[in-house]
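Chemist: Handing you a structure now.
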Amino acid sequence: MSNLRINSIMNNPSLCDGYGYRTVLFLQGCNLRCPGCQNPSTWDINKGTLIDVKELADILRIKCINKKLTISGGEPLLQTESLLELLEELKDFDLCLYTGHELDEVPQEILRYLKYIKVGSFKKELKTTLKPFVGSTNQEFMEVKHDEETK
């Protein structure tokens, strides 16, 4: 097992970060640094808390009673290898990932664990409060389609 650098786990579940009452895990570190980002405290990869993936999974199993988890950041894909380990540990969860990357940049091995994904960089000039679960109109929130053979 490896470690993940996290910023925080939201204390109160959210209705704004995907369908249903969801726990939100904020990973630390972002190399995209979108102007107007709502989480600039997550940018520095050297800050936050370094935690063992198995230990984090155990904490999330306690905190996330309904098994609906959104992983945000920072930029989660900055820690792809450890993120994959966490997704494997929580493969029985309803998992959602927020990334500033485009869908074709997200590794298939990550997509296979997800039920939902939000993609696209935040653009301050396109900010919206009308389009659910996104910050700017260029971003897309979608259900991840899986072939039955790849599950």
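Letters for chains follow the order of the structure tokens (A, B, ...), residue numbers begin at 1 for each chain, and ligand numbers begin at 1 in the order shown.
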Using DSSP on the backbone, list every residue of segment 40-108 of chain A that comes out as alpha helix (DSSP H), and give them as a PyMOL selection string.

Modeler: chain A and resi 53-63+80-89+108

Chemist: Excluding same-chain residues fewer than 2 positions from Gly135 of chain A, what lies within 12 Å of it counting only C-alpha atoms, as a ChimeraX atom specification?

Modeler: /A:16-17,34,36-39,98-100,118-133,137-141

Chemist: Name the residues of chain A that come out as strand (DSSP E or B) in a backbone DSSP run; write them as a ChimeraX atom specification.

Modeler: /A:3-9,14,22-27,49-52,68-72,94-98,116-119,127,136,140-143

Chemist: Could those residues be written to a file, using C-alpha atoms, as a PDB file, in the first residue's frame?

Modeler:
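Wrote again26.pdb, looks like this:
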```pdb
ATOM      1  CA  ASN A   3       0.088   6.923   0.781  1.00  0.00           C
ATOM      2  CA  LEU A   4      -2.224   9.671  -0.403  1.00  0.00           C
ATOM      3  CA  ARG A   5      -1.830  13.327   0.478  1.00  0.00           C
ATOM      4  CA  ILE A   6      -5.241  14.647   1.515  1.00  0.00           C
ATOM      5  CA  ASN A   7      -6.501  18.117   2.338  1.00  0.00           C
ATOM      6  CA  SER A   8      -9.638  17.136   4.239  1.00  0.00           C
ATOM      7  CA  ILE A   9     -12.768  15.035   4.480  1.00  0.00           C
ATOM      8  CA  SER A  14     -22.977  17.390   0.645  1.00  0.00           C
ATOM      9  CA  ARG A  22     -22.354  12.447  -0.398  1.00  0.00           C
ATOM     10  CA  THR A  23     -19.185  12.519   1.663  1.00  0.00           C
ATOM     11  CA  VAL A  24     -16.457  14.583  -0.048  1.00  0.00           C
ATOM     12  CA  LEU A  25     -12.746  13.787   0.121  1.00  0.00           C
ATOM     13  CA  PHE A  26     -10.439  16.625  -0.944  1.00  0.00           C
ATOM     14  CA  LEU A  27      -7.020  15.470  -2.149  1.00  0.00           C
ATOM     15  CA  THR A  49      -1.830  15.176   5.503  1.00  0.00           C
ATOM     16  CA  LEU A  50      -0.011  12.116   4.212  1.00  0.00           C
ATOM     17  CA  ILE A  51      -2.062   9.023   5.034  1.00  0.00           C
ATOM     18  CA  ASP A  52      -1.848   5.324   4.263  1.00  0.00           C
ATOM     19  CA  LYS A  68     -21.591   7.668  -1.627  1.00  0.00           C
ATOM     20  CA  LEU A  69     -18.194   9.351  -1.995  1.00  0.00           C
ATOM     21  CA  THR A  70     -17.026  12.238  -4.165  1.00  0.00           C
ATOM     22  CA  ILE A  71     -13.267  12.667  -4.573  1.00  0.00           C
ATOM     23  CA  SER A  72     -12.188  16.201  -5.401  1.00  0.00           C
ATOM     24  CA  ASP A  94     -20.872   4.821  -5.352  1.00  0.00           C
ATOM     25  CA  LEU A  95     -17.777   6.778  -6.456  1.00  0.00           C
ATOM     26  CA  CYS A  96     -17.611  10.171  -8.135  1.00  0.00           C
ATOM     27  CA  LEU A  97     -14.430  11.963  -9.230  1.00  0.00           C
ATOM     28  CA  TYR A  98     -14.000  15.688  -9.903  1.00  0.00           C
ATOM     29  CA  TYR A 116     -19.931   9.601 -11.978  1.00  0.00           C
ATOM     30  CA  ILE A 117     -17.256  12.023 -13.131  1.00  0.00           C
ATOM     31  CA  LYS A 118     -16.997  15.788 -13.473  1.00  0.00           C
ATOM     32  CA  VAL A 119     -14.472  16.870 -16.117  1.00  0.00           C
ATOM     33  CA  LYS A 127     -19.012  30.409 -13.730  1.00  0.00           C
ATOM     34  CA  SER A 136     -18.381  26.675 -15.020  1.00  0.00           C
ATOM     35  CA  GLU A 140     -19.485  18.327 -17.666  1.00  0.00           C
ATOM     36  CA  PHE A 141     -20.911  16.081 -14.964  1.00  0.00           C
ATOM     37  CA  MET A 142     -21.817  12.655 -16.309  1.00  0.00           C
ATOM     38  CA  GLU A 143     -22.525   9.082 -15.416  1.00  0.00           C
TER      39      GLU A 143
END
```

Chemist: Which residue gives the smallest distance to Val53 of chain A among A:Val134, A:Leu114, A:Val144, A:Leu86, with only C-alpha atoms counted?

Modeler: A:Leu86

Chemist: Near Glu88 of chain A, counting only C-alpha atoms, which residues have an atom at most 10 Å away, once you skip same-chain residues fewer than 4 positions from it, shown as a list in words?

Modeler: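 So, after excluding close chain neighbours, the residues are Ala57, Ser82, Leu83, Leu84, Asp92, Phe93, Ile110 and Tyr113 of chain A.
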
Chemist: The selected residues should be written to file as a short mmCIF file (atom, residue, chain, number, x, y, z; two decimals), in the first residue's frame (atoms: C-alpha atoms).

Modeler:
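Okay, this is what ended up in selection23.cif:
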```cif
data_model
loop_
_atom_site.label_atom_id
_atom_site.label_comp_id
_atom_site.auth_asym_id
_atom_site.auth_seq_id
_atom_site.Cartn_x
_atom_site.Cartn_y
_atom_site.Cartn_z
CA ALA A 57 -10.28 3.65 3.31
CA SER A 82 -2.42 5.93 -4.89
CA LEU A 83 -5.87 7.05 -6.06
CA LEU A 84 -6.22 3.74 -7.91
CA ASP A 92 -18.26 -1.29 -3.39
CA PHE A 93 -18.95 2.48 -3.04
CA ILE A 110 -9.70 4.88 -12.94
CA TYR A 113 -14.34 2.27 -10.63
#
```

Chemist: Provide the atom CA of Glu105 of chain A to atom CA of Met1 of chain A distance in Å, to one decimal place.

Modeler: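 These atoms are spaced 24.8 Å apart.
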
Chemist: Would you please work out which residue, of A:His101, A:Asn12, A:Tyr19, A:Lys54, is nearest to Glu75 of chain A when using only C-alpha atoms?

Modeler: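 The answer is A:His101, which sits nearest to Glu75 of chain A.
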
Chemist: In Å to one decimal, how far is atom CA of Asn31 of chain A from atom CA of Trp43 of chain A?

Modeler: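 Going from atom CA of Trp43 of chain A over to atom CA of Asn31 of chain A covers 7.0 Å.
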
Chemist: Rounded to one decimal in Å, what is the spacing between atom CA of Gly74 of chain A and atom CA of Met10 of chain A?

Modeler: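 Here the two named atoms are 13.9 Å from each other.
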
Chemist: Smallest atom-to-atom distance to Arg33 of chain A: which of A:His146, A:Ile45, A:Asp58, A:Glu102, using only C-alpha atoms?

Modeler: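 Once distances to Arg33 of chain A are computed over only C-alpha atoms, the minimum belongs to A:Ile45.
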
Chemist: With only C-alpha atoms as the basis for distance, which of A:Asn46, A:Thr80, A:Gln28, A:Asn11 is at the shortest distance from Lys63 of chain A?

Modeler: A:Asn11
